[in-house]
Structure formats: structure tokens, C-alpha cells
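So this block is final-v4.pdb, PDB, C-alpha atoms:
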```pdb
ATOM      1  CA  MET A 229      25.719  21.090  24.826  1.00  0.00           C
ATOM      2  CA  ASN A 230      22.453  21.967  26.603  1.00  0.00           C
ATOM      3  CA  ARG A 231      20.826  22.909  23.272  1.00  0.00           C
ATOM      4  CA  ALA A 232      21.693  19.521  21.806  1.00  0.00           C
ATOM      5  CA  LEU A 233      20.168  17.728  24.806  1.00  0.00           C
ATOM      6  CA  THR A 234      16.957  19.757  24.688  1.00  0.00           C
ATOM      7  CA  ALA A 235      16.645  19.357  20.898  1.00  0.00           C
ATOM      8  CA  ALA A 236      17.005  15.553  21.005  1.00  0.00           C
ATOM      9  CA  PRO A 237      13.516  14.839  22.425  1.00  0.00           C
ATOM     10  CA  LEU A 238      11.961  17.157  19.841  1.00  0.00           C
ATOM     11  CA  LEU A 239      13.805  15.389  17.023  1.00  0.00           C
ATOM     12  CA  VAL A 240      12.707  11.980  18.304  1.00  0.00           C
ATOM     13  CA  ALA A 241       9.086  13.194  18.523  1.00  0.00           C
ATOM     14  CA  LEU A 242       9.197  14.541  14.952  1.00  0.00           C
ATOM     15  CA  LEU A 243      10.689  11.305  13.609  1.00  0.00           C
ATOM     16  CA  PHE A 244       8.072   9.230  15.433  1.00  0.00           C
ATOM     17  CA  ALA A 245       5.241  11.413  14.135  1.00  0.00           C
ATOM     18  CA  SER A 246       6.481  11.054  10.552  1.00  0.00           C
ATOM     19  CA  CYS A 247       6.236   7.256  10.878  1.00  0.00           C
ATOM     20  CA  MET A 248       2.584   7.572  11.847  1.00  0.00           C
ATOM     21  CA  GLU A 249       1.404   9.346   8.673  1.00  0.00           C
ATOM     22  CA  ALA A 250      -1.580   7.924   6.800  1.00  0.00           C
ATOM     23  CA  GLY A 251      -0.590   5.288   4.319  1.00  0.00           C
ATOM     24  CA  GLY A 252       1.818   3.423   6.553  1.00  0.00           C
ATOM     25  CA  GLY A 253       0.917  -0.079   7.556  1.00  0.00           C
ATOM     26  CA  GLY A 254       1.895  -3.660   7.197  1.00  0.00           C
ATOM     27  CA  ALA A 255       1.128  -7.179   6.088  1.00  0.00           C
ATOM     28  CA  VAL A 256       1.108 -10.413   8.097  1.00  0.00           C
ATOM     29  CA  HIS A 257       0.854 -13.960   6.792  1.00  0.00           C
ATOM     30  CA  HIS A 258       1.317 -17.251   8.622  1.00  0.00           C
ATOM     31  CA  PRO A 259       2.252 -19.955   6.092  1.00  0.00           C
ATOM     32  CA  PRO A 260       0.931 -23.446   6.707  1.00  0.00           C
ATOM     33  CA  PRO A 261       3.643 -25.886   7.892  1.00  0.00           C
ATOM     34  CA  VAL A 262       2.876 -28.164   4.903  1.00  0.00           C
ATOM     35  CA  ILE A 263       0.564 -28.282   1.899  1.00  0.00           C
ATOM     36  CA  LYS A 264      -1.220 -31.620   1.626  1.00  0.00           C
ATOM     37  CA  ARG A 265      -1.552 -33.159  -1.823  1.00  0.00           C
ATOM     38  CA  GLY A 266      -5.154 -33.669  -2.909  1.00  0.00           C
ATOM     39  CA  ALA A 267      -6.612 -31.033  -0.553  1.00  0.00           C
ATOM     40  CA  SER A 268      -7.221 -27.313  -1.028  1.00  0.00           C
ATOM     41  CA  THR A 269      -5.135 -25.068   1.227  1.00  0.00           C
ATOM     42  CA  PRO A 270      -6.682 -21.910   2.716  1.00  0.00           C
ATOM     43  CA  LEU A 271      -4.417 -18.848   2.909  1.00  0.00           C
ATOM     44  CA  GLU A 272      -4.962 -15.544   4.720  1.00  0.00           C
ATOM     45  CA  LEU A 273      -3.147 -12.235   4.362  1.00  0.00           C
ATOM     46  CA  GLU A 274      -3.759  -9.611   7.048  1.00  0.00           C
ATOM     47  CA  LEU A 275      -3.249  -6.022   5.870  1.00  0.00           C
ATOM     48  CA  SER A 276      -3.252  -2.889   8.006  1.00  0.00           C
ATOM     49  CA  ALA A 277      -2.910   0.845   7.538  1.00  0.00           C
ATOM     50  CA  VAL A 278      -2.007   3.463  10.114  1.00  0.00           C
ATOM     51  CA  ASN A 279      -4.420   6.400  10.545  1.00  0.00           C
ATOM     52  CA  SER A 280      -6.772   4.857   8.013  1.00  0.00           C
ATOM     53  CA  HIS A 281     -10.185   6.369   7.426  1.00  0.00           C
ATOM     54  CA  GLY A 282     -13.020   4.587   5.667  1.00  0.00           C
ATOM     55  CA  SER A 283     -13.217   1.103   4.283  1.00  0.00           C
ATOM     56  CA  MET A 284      -9.933  -0.789   3.973  1.00  0.00           C
ATOM     57  CA  SER A 285     -11.335  -2.791   1.049  1.00  0.00           C
ATOM     58  CA  ARG A 286     -11.587   0.488  -0.886  1.00  0.00           C
ATOM     59  CA  ARG A 287      -7.973   1.353  -0.093  1.00  0.00           C
ATOM     60  CA  MET A 288      -6.429  -2.104  -0.613  1.00  0.00           C
ATOM     61  CA  THR A 289      -7.459  -3.474  -4.004  1.00  0.00           C
ATOM     62  CA  LEU A 290      -6.408  -6.102  -6.546  1.00  0.00           C
ATOM     63  CA  ILE A 291      -5.204  -8.413  -3.770  1.00  0.00           C
ATOM     64  CA  THR A 292      -3.736 -11.421  -5.569  1.00  0.00           C
ATOM     65  CA  CYS A 293      -2.005 -14.663  -4.640  1.00  0.00           C
ATOM     66  CA  HIS A 294       0.526 -16.026  -7.154  1.00  0.00           C
ATOM     67  CA  TYR A 295       1.505 -19.687  -6.743  1.00  0.00           C
ATOM     68  CA  ARG A 296       3.401 -22.478  -8.499  1.00  0.00           C
ATOM     69  CA  LEU A 297       4.970 -25.841  -7.904  1.00  0.00           C
ATOM     70  CA  ALA A 298       8.621 -25.115  -7.168  1.00  0.00           C
ATOM     71  CA  ASP A 299       9.832 -26.883 -10.330  1.00  0.00           C
ATOM     72  CA  SER A 300       7.605 -24.696 -12.561  1.00  0.00           C
ATOM     73  CA  THR A 301       8.801 -21.430 -14.070  1.00  0.00           C
ATOM     74  CA  ASN A 302       5.372 -19.743 -14.229  1.00  0.00           C
ATOM     75  CA  PHE A 303       3.187 -18.536 -11.393  1.00  0.00           C
ATOM     76  CA  ILE A 304      -0.602 -18.879 -11.551  1.00  0.00           C
ATOM     77  CA  SER A 305      -2.530 -15.835 -10.288  1.00  0.00           C
ATOM     78  CA  MET A 306      -5.653 -16.041  -8.154  1.00  0.00           C
ATOM     79  CA  PRO A 307      -7.673 -13.102  -6.779  1.00  0.00           C
ATOM     80  CA  MET A 308      -8.197 -13.020  -3.039  1.00  0.00           C
ATOM     81  CA  THR A 309     -11.449 -12.123  -1.274  1.00  0.00           C
ATOM     82  CA  PRO A 310     -11.054  -9.147   1.089  1.00  0.00           C
ATOM     83  CA  SER A 311     -13.043  -8.692   4.314  1.00  0.00           C
ATOM     84  CA  ASP A 312     -12.860  -5.504   6.371  1.00  0.00           C
ATOM     85  CA  VAL A 313     -12.062  -6.154  10.007  1.00  0.00           C
ATOM     86  CA  ASP A 314     -12.218  -2.478  10.958  1.00  0.00           C
ATOM     87  CA  ALA A 315     -11.084   0.880   9.541  1.00  0.00           C
ATOM     88  CA  ARG A 316      -7.421  -0.122   9.943  1.00  0.00           C
ATOM     89  CA  HIS A 317      -7.411  -3.865   9.184  1.00  0.00           C
ATOM     90  CA  LEU A 318      -8.424  -6.167   6.378  1.00  0.00           C
ATOM     91  CA  VAL A 319      -8.109  -9.917   5.907  1.00  0.00           C
ATOM     92  CA  ALA A 320      -7.846 -11.322   2.371  1.00  0.00           C
ATOM     93  CA  ARG A 321      -8.505 -15.023   1.786  1.00  0.00           C
ATOM     94  CA  CYS A 322      -8.067 -17.582  -0.965  1.00  0.00           C
ATOM     95  CA  SER A 323      -7.603 -21.332  -1.244  1.00  0.00           C
ATOM     96  CA  LEU A 324      -4.851 -22.979  -3.235  1.00  0.00           C
ATOM     97  CA  PRO A 325      -6.333 -25.761  -5.361  1.00  0.00           C
ATOM     98  CA  PRO A 326      -5.557 -29.405  -4.582  1.00  0.00           C
ATOM     99  CA  PHE A 327      -2.201 -30.477  -5.988  1.00  0.00           C
ATOM    100  CA  PRO A 328      -2.041 -33.924  -7.633  1.00  0.00           C
ATOM    101  CA  GLY A 329      -0.788 -36.925  -5.684  1.00  0.00           C
ATOM    102  CA  HIS A 330       2.305 -37.265  -7.888  1.00  0.00           C
ATOM    103  CA  ALA A 331       3.426 -33.633  -7.242  1.00  0.00           C
ATOM    104  CA  GLN A 332       6.770 -33.437  -5.461  1.00  0.00           C
ATOM    105  CA  GLY A 333       8.808 -30.814  -3.633  1.00  0.00           C
ATOM    106  CA  PHE A 334       7.450 -27.439  -2.617  1.00  0.00           C
ATOM    107  CA  VAL A 335       4.783 -24.877  -3.423  1.00  0.00           C
ATOM    108  CA  ASP A 336       6.027 -21.305  -3.895  1.00  0.00           C
ATOM    109  CA  TYR A 337       3.701 -18.335  -3.527  1.00  0.00           C
ATOM    110  CA  TYR A 338       3.612 -14.597  -2.888  1.00  0.00           C
ATOM    111  CA  PHE A 339       0.991 -11.847  -2.663  1.00  0.00           C
ATOM    112  CA  ASP A 340       0.587  -8.444  -4.234  1.00  0.00           C
ATOM    113  CA  PHE A 341      -1.979  -5.655  -3.909  1.00  0.00           C
ATOM    114  CA  GLN A 342      -2.625  -2.014  -4.681  1.00  0.00           C
ATOM    115  CA  PHE A 343      -2.786   0.462  -1.824  1.00  0.00           C
ATOM    116  CA  ASP A 344      -4.441   3.859  -2.274  1.00  0.00           C
ATOM    117  CA  GLY A 345      -4.616   3.712  -6.060  1.00  0.00           C
ATOM    118  CA  PRO A 346      -1.387   3.333  -8.022  1.00  0.00           C
ATOM    119  CA  HIS A 347       0.821   2.277  -5.100  1.00  0.00           C
ATOM    120  CA  PHE A 348       1.671  -1.368  -5.772  1.00  0.00           C
ATOM    121  CA  ASN A 349       2.994  -3.582  -2.971  1.00  0.00           C
ATOM    122  CA  GLN A 350       4.237  -7.152  -2.640  1.00  0.00           C
ATOM    123  CA  TYR A 351       4.419  -9.525   0.285  1.00  0.00           C
ATOM    124  CA  HIS A 352       7.399 -11.589  -0.785  1.00  0.00           C
ATOM    125  CA  SER A 353       8.069 -11.716  -4.547  1.00  0.00           C
ATOM    126  CA  PRO A 354       8.676 -14.053  -7.495  1.00  0.00           C
ATOM    127  CA  GLU A 355      12.391 -13.848  -6.680  1.00  0.00           C
ATOM    128  CA  ASP A 356      11.835 -14.504  -2.963  1.00  0.00           C
ATOM    129  CA  PRO A 357       8.576 -16.497  -2.621  1.00  0.00           C
ATOM    130  CA  ILE A 358       7.170 -18.178   0.434  1.00  0.00           C
ATOM    131  CA  ARG A 359       8.107 -21.879   0.099  1.00  0.00           C
ATOM    132  CA  VAL A 360       6.040 -24.620   1.767  1.00  0.00           C
ATOM    133  CA  PRO A 361       6.735 -28.356   1.440  1.00  0.00           C
ATOM    134  CA  LEU A 362       4.209 -30.696  -0.158  1.00  0.00           C
ATOM    135  CA  GLU A 363       3.166 -33.683   1.901  1.00  0.00           C
TER
END
```
Output the file's structure in the form of C-alpha cells.
Amino acid sequence: MNRALTAAPLLVALLFASCMEAGGGGAVHHPPPVIKRGASTPLELELSAVNSHGSMSRRMTLITCHYRLADSTNFISMPMTPSDVDARHLVARCSLPPFPGHAQGFVDYYFDFQFDGPHFNQYHSPEDPIRVPLE
């Protein structure tokens, strides 16, 4: 019993350390409450990497926003412009084009990007897009 109790903190420390390996990170996006017809809509995607070294814009590439009106079957792809915040953070920006006044319903969109070469990631997906009402 004593061995199990003394081994538990070591196991927890090893598990925590494995979560902190280079390459881990995350993505944050705050959708607008509505998308206004006739006006462009700026979008930002914040990307981070744990234990990152060097420029994030060299590690996170091909950052793309895919969008559509909810009644459309096809997404339109638009490259995003990355800006390094620091060695661990990057903000990518784009603007959705103005939607016509007669457009109804919602705008669906999602993001994808490459991380450290061939590793492809998505923030949401075509099957589970971010959905924002048109106003």
C-alpha cells in the first residue's frame, strides 16, 4: 500500500510532463453574435503551441477560413493573414465578404491549418461548422 501511495505523485508528474511536450497547443475563436448583410465581417483565430521555439508563422501555415451561406452545399475558401504575437502565440485574420441584402438564414464557417509540416488541424469542420445568424 505504501508503494502505491508513493508512486502516485510520480505517475501524476510523468503524465503532466507528457502533456507539455512541444507541439501541443490550442485554438481560440470568438464568433460574432451576428453577421450583418452588406458589411464585411472580420474574423480572428488565435493559435498557440506549448514549448514553441521560433516563429509561430513558420510552424502554423496554410491557415484558411472556409465559409458558406447555410443553404449552400459548397464552402468558399479564403486564406487568412497570420501575425506572430510571440514565440507561442499567433493571430490569423480574415474578413468575410459582404453578403447580399436578400441573403437569409445563417453563415457557416470553419478553419483549418497545418502545424509543423504535414500535421493538418481543423477548428470545427464542414460537418460541424460555426453557425452565425445573418441580420
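In this comparison, which uses all atoms listed in the file, the residue of A:Val262, A:Cys322, A:Leu297, A:Val335 approaching Thr309 (chain A) most closely is A:Cys322.
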Residues in the PyMOL selection byres ((chain A and resi 254) around 12), expressed as a PyMOL selection string:
chain A and resi 251-253+255-257+273-278+288+316-319+341+343+349-351
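Coordinates place CA of Ala298 (chain A) at a distance of 29.5 Å from CA of Ser311 (chain A).
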Quote the spacing between CA of Tyr295 (chain A) and CA of Asp312 (chain A) in Å to one decimal place.
24.1 Å
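Ranking A:Ile263, A:Tyr338, A:Gly329, A:Arg296 by their shortest atom-to-atom distance to Met308 (chain A), with all atoms listed in the file included, puts A:Tyr338 first.
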Do you have the CA of Pro261 (chain A)-CA of Val313 (chain A) distance handy?
25.3 Å
So which residues get picked by the PyMOL selection byres ((chain A and resi 264) around 12) here, written as a PDB file with C-alpha atoms, in the frame of the given file?
```
ATOM      1  CA  PRO A 260       0.931 -23.446   6.707  1.00  0.00           C
ATOM      2  CA  PRO A 261       3.643 -25.886   7.892  1.00  0.00           C
ATOM      3  CA  VAL A 262       2.876 -28.164   4.903  1.00  0.00           C
ATOM      4  CA  ILE A 263       0.564 -28.282   1.899  1.00  0.00           C
ATOM      5  CA  ARG A 265      -1.552 -33.159  -1.823  1.00  0.00           C
ATOM      6  CA  GLY A 266      -5.154 -33.669  -2.909  1.00  0.00           C
ATOM      7  CA  ALA A 267      -6.612 -31.033  -0.553  1.00  0.00           C
ATOM      8  CA  SER A 268      -7.221 -27.313  -1.028  1.00  0.00           C
ATOM      9  CA  THR A 269      -5.135 -25.068   1.227  1.00  0.00           C
ATOM     10  CA  PRO A 270      -6.682 -21.910   2.716  1.00  0.00           C
ATOM     11  CA  LEU A 324      -4.851 -22.979  -3.235  1.00  0.00           C
ATOM     12  CA  PRO A 325      -6.333 -25.761  -5.361  1.00  0.00           C
ATOM     13  CA  PRO A 326      -5.557 -29.405  -4.582  1.00  0.00           C
ATOM     14  CA  PHE A 327      -2.201 -30.477  -5.988  1.00  0.00           C
ATOM     15  CA  PRO A 328      -2.041 -33.924  -7.633  1.00  0.00           C
ATOM     16  CA  GLY A 329      -0.788 -36.925  -5.684  1.00  0.00           C
ATOM     17  CA  HIS A 330       2.305 -37.265  -7.888  1.00  0.00           C
ATOM     18  CA  ALA A 331       3.426 -33.633  -7.242  1.00  0.00           C
ATOM     19  CA  GLN A 332       6.770 -33.437  -5.461  1.00  0.00           C
ATOM     20  CA  GLY A 333       8.808 -30.814  -3.633  1.00  0.00           C
ATOM     21  CA  PHE A 334       7.450 -27.439  -2.617  1.00  0.00           C
ATOM     22  CA  VAL A 335       4.783 -24.877  -3.423  1.00  0.00           C
ATOM     23  CA  VAL A 360       6.040 -24.620   1.767  1.00  0.00           C
ATOM     24  CA  PRO A 361       6.735 -28.356   1.440  1.00  0.00           C
ATOM     25  CA  LEU A 362       4.209 -30.696  -0.158  1.00  0.00           C
ATOM     26  CA  GLU A 363       3.166 -33.683   1.901  1.00  0.00           C
TER      27      GLU A 363
END
```
If you apply the PyMOL selection byres ((chain A and resi 286) around 10) to this file, what residues do you get, as a PDB file with C-alpha atoms, keeping the file's coordinate frame?
```
ATOM      1  CA  GLY A 282     -13.020   4.587   5.667  1.00  0.00           C
ATOM      2  CA  SER A 283     -13.217   1.103   4.283  1.00  0.00           C
ATOM      3  CA  MET A 284      -9.933  -0.789   3.973  1.00  0.00           C
ATOM      4  CA  SER A 285     -11.335  -2.791   1.049  1.00  0.00           C
ATOM      5  CA  ARG A 287      -7.973   1.353  -0.093  1.00  0.00           C
ATOM      6  CA  MET A 288      -6.429  -2.104  -0.613  1.00  0.00           C
ATOM      7  CA  THR A 289      -7.459  -3.474  -4.004  1.00  0.00           C
ATOM      8  CA  PRO A 310     -11.054  -9.147   1.089  1.00  0.00           C
ATOM      9  CA  ASP A 312     -12.860  -5.504   6.371  1.00  0.00           C
ATOM     10  CA  PHE A 343      -2.786   0.462  -1.824  1.00  0.00           C
ATOM     11  CA  ASP A 344      -4.441   3.859  -2.274  1.00  0.00           C
ATOM     12  CA  GLY A 345      -4.616   3.712  -6.060  1.00  0.00           C
TER      13      GLY A 345
END
```
Using all atoms listed in the file, which of the listed residues (A:Cys293, A:Ala315, A:Leu271, A:Met306) sits closest to Pro357 (chain A)?
A:Cys293
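For the residues A:Asp340, A:Asp299, A:Asp314, A:Glu272, ranking by smallest atom-to-atom distance to His352 (chain A) using all atoms listed in the file places A:Asp340 first.
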